[in-house]
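Text of the file coords.txt, holding compact mmCIF, C-alpha atoms:
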# COMPACT_ATOMS: atom_id res chain seq x y z
CA MET D 1 -45.28 -42.49 29.90
CA SER D 2 -44.37 -43.72 26.40
CA ARG D 3 -47.55 -42.14 25.05
CA LEU D 4 -46.50 -38.82 26.59
CA LEU D 5 -43.04 -39.09 25.01
CA ARG D 6 -44.59 -39.86 21.60
CA LEU D 7 -46.90 -36.87 22.00
CA LEU D 8 -43.99 -34.59 22.94
CA GLY D 9 -41.94 -35.98 20.03
CA SER D 10 -44.82 -35.32 17.64
CA TRP D 11 -45.25 -31.81 19.04
CA SER D 12 -41.50 -31.13 18.60
CA LEU D 13 -41.66 -32.39 15.01
CA TYR D 14 -44.72 -30.22 14.35
CA LEU D 15 -43.02 -27.11 15.77
CA SER D 16 -39.86 -27.74 13.74
CA LEU D 17 -41.86 -28.19 10.54
CA VAL D 18 -43.94 -25.08 11.16
CA LEU D 19 -41.31 -22.79 12.68
CA ALA D 20 -38.30 -23.73 10.53
CA PRO D 21 -39.72 -22.17 7.34
CA ILE D 22 -40.67 -19.03 9.27
CA CYS D 23 -37.19 -18.70 10.79
CA THR D 24 -35.58 -19.38 7.41
CA PHE D 25 -37.79 -16.75 5.79
CA GLU D 26 -36.86 -14.21 8.45
CA ALA D 27 -33.15 -14.93 7.94
CA ILE D 28 -33.55 -14.48 4.20
CA ALA D 29 -35.68 -11.36 4.62
CA GLU D 30 -32.95 -9.67 6.68
CA THR D 31 -30.74 -9.03 3.66
CA THR D 32 -31.40 -7.11 0.48
CA LYS D 33 -29.17 -7.58 -2.55
CA SER D 34 -29.09 -4.90 -5.21
CA PRO D 35 -27.02 -4.10 -8.29
CA ILE D 36 -24.71 -1.11 -8.21
CA PRO D 37 -25.05 1.22 -11.20
CA ALA D 38 -21.86 1.48 -13.27
CA HIS D 39 -21.44 5.22 -12.59
CA VAL D 40 -21.39 4.74 -8.78
CA LYS D 41 -17.89 4.97 -7.30
CA HIS D 42 -18.75 5.65 -3.62
CA ILE D 43 -21.40 4.28 -1.26
CA ASP D 44 -22.05 6.08 2.03
CA GLY D 45 -18.69 7.86 1.68
CA TYR D 46 -16.64 4.69 1.08
CA PRO D 47 -14.87 3.92 -2.20
CA PHE D 48 -16.24 1.11 -4.35
CA PRO D 49 -14.70 1.41 -7.81
CA ALA D 50 -15.66 -0.98 -10.62
CA GLU D 51 -12.49 -3.01 -10.03
CA VAL D 52 -9.97 -3.62 -7.24
CA ALA D 53 -6.86 -5.78 -7.77
CA GLY D 54 -8.34 -7.33 -10.91
CA LEU D 55 -11.63 -8.31 -9.23
CA ARG D 56 -14.85 -6.90 -10.66
CA ARG D 57 -17.45 -5.23 -8.46
CA GLY D 58 -20.72 -7.12 -8.05
CA GLN D 59 -23.78 -6.58 -5.90
CA LYS D 60 -24.36 -4.65 -2.70
CA THR D 61 -25.95 -6.46 0.24
CA ASP D 62 -27.80 -4.48 2.91
CA TYR D 63 -28.18 -6.38 6.19
CA ASN D 64 -31.25 -4.40 7.32
CA THR D 65 -30.33 -4.74 11.00
CA SER D 66 -29.08 -1.82 13.04
CA GLY D 67 -25.29 -1.89 13.31
CA LEU D 68 -24.70 -4.50 10.59
CA GLY D 69 -24.38 -2.08 7.68
CA PHE D 70 -23.74 -3.38 4.17
CA SER D 71 -21.22 -5.18 2.01
CA VAL D 72 -20.06 -5.05 -1.60
CA ARG D 73 -18.79 -8.13 -3.43
CA TYR D 74 -15.79 -8.18 -5.78
CA GLU D 75 -15.03 -11.33 -7.72
CA LYS D 76 -13.40 -13.31 -10.43
CA PRO D 77 -16.13 -15.94 -10.91
CA GLY D 78 -15.24 -19.46 -9.86
CA GLU D 79 -11.86 -18.49 -8.45
CA THR D 80 -11.83 -15.52 -6.06
CA TRP D 81 -14.35 -13.39 -4.21
CA ALA D 82 -13.91 -10.56 -1.74
CA ASP D 83 -16.65 -9.02 0.35
CA VAL D 84 -16.01 -5.54 1.77
CA TYR D 85 -18.18 -4.96 4.84
CA ILE D 86 -18.93 -1.52 6.31
CA TYR D 87 -20.59 -1.64 9.76
CA ASP D 88 -20.42 -0.23 13.30
CA LEU D 89 -22.23 -2.84 15.48
CA GLY D 90 -24.14 0.09 16.98
CA GLN D 91 -20.98 1.30 18.71
CA ASN D 92 -19.39 4.74 18.78
CA LEU D 93 -16.03 3.77 17.29
CA SER D 94 -14.60 7.30 17.47
CA SER D 95 -13.97 6.88 21.21
CA MET D 96 -12.36 3.43 20.89
CA ASP D 97 -8.78 2.36 20.37
CA ARG D 98 -8.92 1.67 16.60
CA ARG D 99 -6.10 -0.87 16.71
CA LYS D 100 -7.67 -2.90 19.52
CA ALA D 101 -11.14 -2.70 17.94
CA SER D 102 -9.69 -4.01 14.65
CA LEU D 103 -7.93 -6.89 16.40
CA ASP D 104 -11.11 -7.76 18.32
CA GLN D 105 -13.17 -7.80 15.10
CA ARG D 106 -10.58 -9.94 13.34
CA ASP D 107 -10.76 -12.43 16.21
CA ALA D 108 -14.57 -12.31 16.15
CA ALA D 109 -14.44 -13.14 12.42
CA LEU D 110 -12.23 -16.14 13.22
CA LYS D 111 -14.78 -17.30 15.81
CA ASP D 112 -17.50 -16.96 13.16
CA ILE D 113 -15.43 -19.18 10.86
CA ASP D 114 -15.09 -21.75 13.67
CA SER D 115 -18.89 -21.62 14.14
CA THR D 116 -19.30 -22.32 10.44
CA VAL D 117 -17.16 -25.44 10.90
CA SER D 118 -19.24 -26.47 13.94
CA SER D 119 -22.47 -26.03 11.96
CA GLY D 120 -21.13 -28.27 9.19
CA SER D 121 -21.00 -25.65 6.42
CA TYR D 122 -17.20 -25.95 6.38
CA GLN D 123 -15.49 -29.29 6.94
CA ASN D 124 -12.35 -27.64 8.32
CA ALA D 125 -10.75 -24.26 8.96
CA ALA D 126 -7.05 -24.19 9.81
CA LEU D 127 -5.54 -20.92 11.01
CA ILE D 128 -2.34 -20.23 9.08
CA ALA D 129 -1.43 -16.81 10.49
CA LYS D 130 -2.69 -13.82 12.48
CA THR D 131 -0.82 -10.57 11.92
CA GLU D 132 -1.08 -6.82 12.09
CA ALA D 133 -0.25 -4.90 8.95
CA ALA D 134 0.10 -1.14 8.79
CA SER D 135 -3.50 -0.77 7.61
CA PHE D 136 -5.33 -3.88 8.83
CA ALA D 137 -5.51 -6.60 11.46
CA LYS D 138 -5.17 -9.72 9.29
CA ALA D 139 -5.79 -13.46 9.47
CA HIS D 140 -5.15 -16.22 6.93
CA VAL D 141 -7.20 -19.43 7.15
CA ALA D 142 -7.30 -22.55 4.96
CA ILE D 143 -10.98 -23.45 4.62
CA THR D 144 -12.31 -26.77 3.36
CA GLN D 145 -15.84 -26.70 2.00
CA ASN D 146 -17.40 -29.37 -0.21
CA SER D 147 -14.04 -31.22 -0.18
CA LYS D 148 -12.23 -28.24 -1.72
CA THR D 149 -9.67 -26.26 0.25
CA ARG D 150 -9.28 -22.54 -0.41
CA ASP D 151 -7.25 -19.78 1.18
CA SER D 152 -9.39 -17.26 3.01
CA TYR D 153 -8.26 -13.94 4.47
CA VAL D 154 -9.81 -11.49 6.92
CA PHE D 155 -8.64 -7.86 7.03
CA VAL D 156 -10.18 -5.40 9.51
CA THR D 157 -9.64 -1.72 10.20
CA VAL D 158 -11.65 1.24 11.50
CA ARG D 159 -12.27 4.18 9.15
CA LYS D 160 -14.74 7.07 9.22
CA GLY D 161 -16.54 5.72 12.30
CA ASN D 162 -17.08 2.21 10.95
CA PHE D 163 -15.38 -1.13 10.81
CA VAL D 164 -14.12 -1.96 7.33
CA LYS D 165 -13.73 -5.72 7.00
CA ILE D 166 -12.53 -7.54 3.91
CA ARG D 167 -13.12 -11.27 3.61
CA LEU D 168 -11.29 -12.59 0.55
CA THR D 169 -11.45 -16.27 -0.43
CA THR D 170 -9.52 -17.73 -3.35
CA ALA D 171 -8.38 -20.89 -5.10
CA ALA D 172 -5.88 -18.88 -7.19
CA ASP D 173 -2.14 -19.44 -7.31
CA ASN D 174 -0.16 -17.03 -5.10
CA PRO D 175 -3.09 -16.38 -2.74
CA ASP D 176 -1.00 -14.29 -0.31
CA ARG D 177 0.03 -11.91 -3.05
CA LEU D 178 -3.53 -11.56 -4.35
CA ALA D 179 -5.00 -10.97 -0.85
CA ASP D 180 -2.32 -8.45 0.11
CA ARG D 181 -2.74 -6.65 -3.22
CA PHE D 182 -6.51 -6.37 -2.74
CA ALA D 183 -6.14 -5.13 0.85
CA SER D 184 -3.40 -2.61 0.02
CA GLU D 185 -5.32 -1.23 -2.99
CA TYR D 186 -8.45 -0.87 -0.88
CA ALA D 187 -6.47 0.74 1.98
CA ARG D 188 -5.05 3.24 -0.53
CA LEU D 189 -8.61 4.05 -1.70
CA LEU D 190 -9.75 4.50 1.92
CA SER D 191 -6.98 6.99 2.64
CA LYS D 192 -7.93 9.32 -0.22

Render the structure in this file as structure tokens.
Amino acid sequence: MSRLLRLLGSWSLYLSLVLAPICTFEAIAETTKSPIPAHVKHIDGYPFPAEVAGLRRGQKTDYNTSGLGFSVRYEKPGETWADVYIYDLGQNLSSMDRRKASLDQRDAALKDIDSTVSSGSYQNAALIAKTEAASFAKAHVAITQNSKTRDSYVFVTVRKGNFVKIRLTTAADNPDRLADRFASEYARLLSK
């Protein structure tokens, strides 16, 4: 019996050593990061100017999976970053209640944050507030990662048949003001 257990243990170790790199490679291969040329102001009909609320535009990430769309990063290096995600999850959002869909996606983002805590990538995530603004369903979370706590915000709405989700994380002073400014400037751009 003990020999069988050792054999099974060895087989499990072998599979984890062989399959882990393959699974990791597939996870990495699913996204494609690319620079955005300076002259580009719109991507797939959505506004992505060079700057929003004092944060500079960075790279575009394509998720290369149906329904997951793409994101564009804005940042002030070392202090604040905001990812703007455009996706539809393979759903026809035109027939849905936009408000409810936004609230559901905000809550799904909060569950993803909890999963990140469970996996050990974050040490803690404390929900500060969940609200509905005129333009977005919003959540504010204090996230601790690598012993540093930052304010993180999720804003979600539905526009032009897609979810538009902003995830802004910052260590800046007045984080509420910065997050609300970014979201309101982007909402203004969306409504043009």

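With all atoms listed in the file as the atoms that count, the minimum distance from Trp81 in chain D to the choices D:Gln59, D:Ser191, D:Gln145, D:Gln123 is reached by D:Gln59.
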
For range 153-161 of chain D: contacts at 7 Å, only C-alpha atoms, fewer than 4 positions along chain excluded, given as a tab-separated table (two decimals) with C-alpha atoms, keeping the file's coordinate frame:
chain	number	residue	atom	x	y	z
D	93	LEU	CA	-16.03	3.77	17.29
D	94	SER	CA	-14.60	7.30	17.47
D	98	ARG	CA	-8.92	1.67	16.60
D	102	SER	CA	-9.69	-4.01	14.65
D	105	GLN	CA	-13.17	-7.80	15.10
D	106	ARG	CA	-10.58	-9.94	13.34
D	135	SER	CA	-3.50	-0.77	7.61
D	136	PHE	CA	-5.33	-3.88	8.83
D	137	ALA	CA	-5.51	-6.60	11.46
D	138	LYS	CA	-5.17	-9.72	9.29
D	139	ALA	CA	-5.79	-13.46	9.47
D	140	HIS	CA	-5.15	-16.22	6.93
D	141	VAL	CA	-7.20	-19.43	7.15
D	165	LYS	CA	-13.73	-5.72	7.00
D	166	ILE	CA	-12.53	-7.54	3.91
D	167	ARG	CA	-13.12	-11.27	3.61
D	168	LEU	CA	-11.29	-12.59	0.55
D	169	THR	CA	-11.45	-16.27	-0.43
D	179	ALA	CA	-5.00	-10.97	-0.85

Write out as a PyMOL selection string the residues lying within 8 Å of Ala142 in chain D, counting all atoms listed in the file and excluding same-chain residues fewer than 4 positions away.
-> chain D and resi 124-128+149-152

Counting all atoms listed in the file, which residues in range 81-178 of chain D sit no more than 12 Å from range 49-54 of chain D? For each one, give the nearest pair of atoms and the distance in Å, sorted by chain then residue number, as a tab-separated table.
residue	atom	partner	partner_atom	distance
D:Trp81	CA	D:Gly54	CA	10.9
D:Ala82	CA	D:Val52	CA	9.7
D:Asp83	CA	D:Val52	CA	11.5
D:Val84	CA	D:Val52	CA	11.0
D:Leu168	CA	D:Ala53	CA	11.6
D:Arg177	CA	D:Ala53	CA	10.4
D:Leu178	CA	D:Ala53	CA	7.5

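For the atom pair formed by CA of Lys130 in chain D and CA of Lys76 in chain D, the distance is 25.3 Å, given to one decimal.
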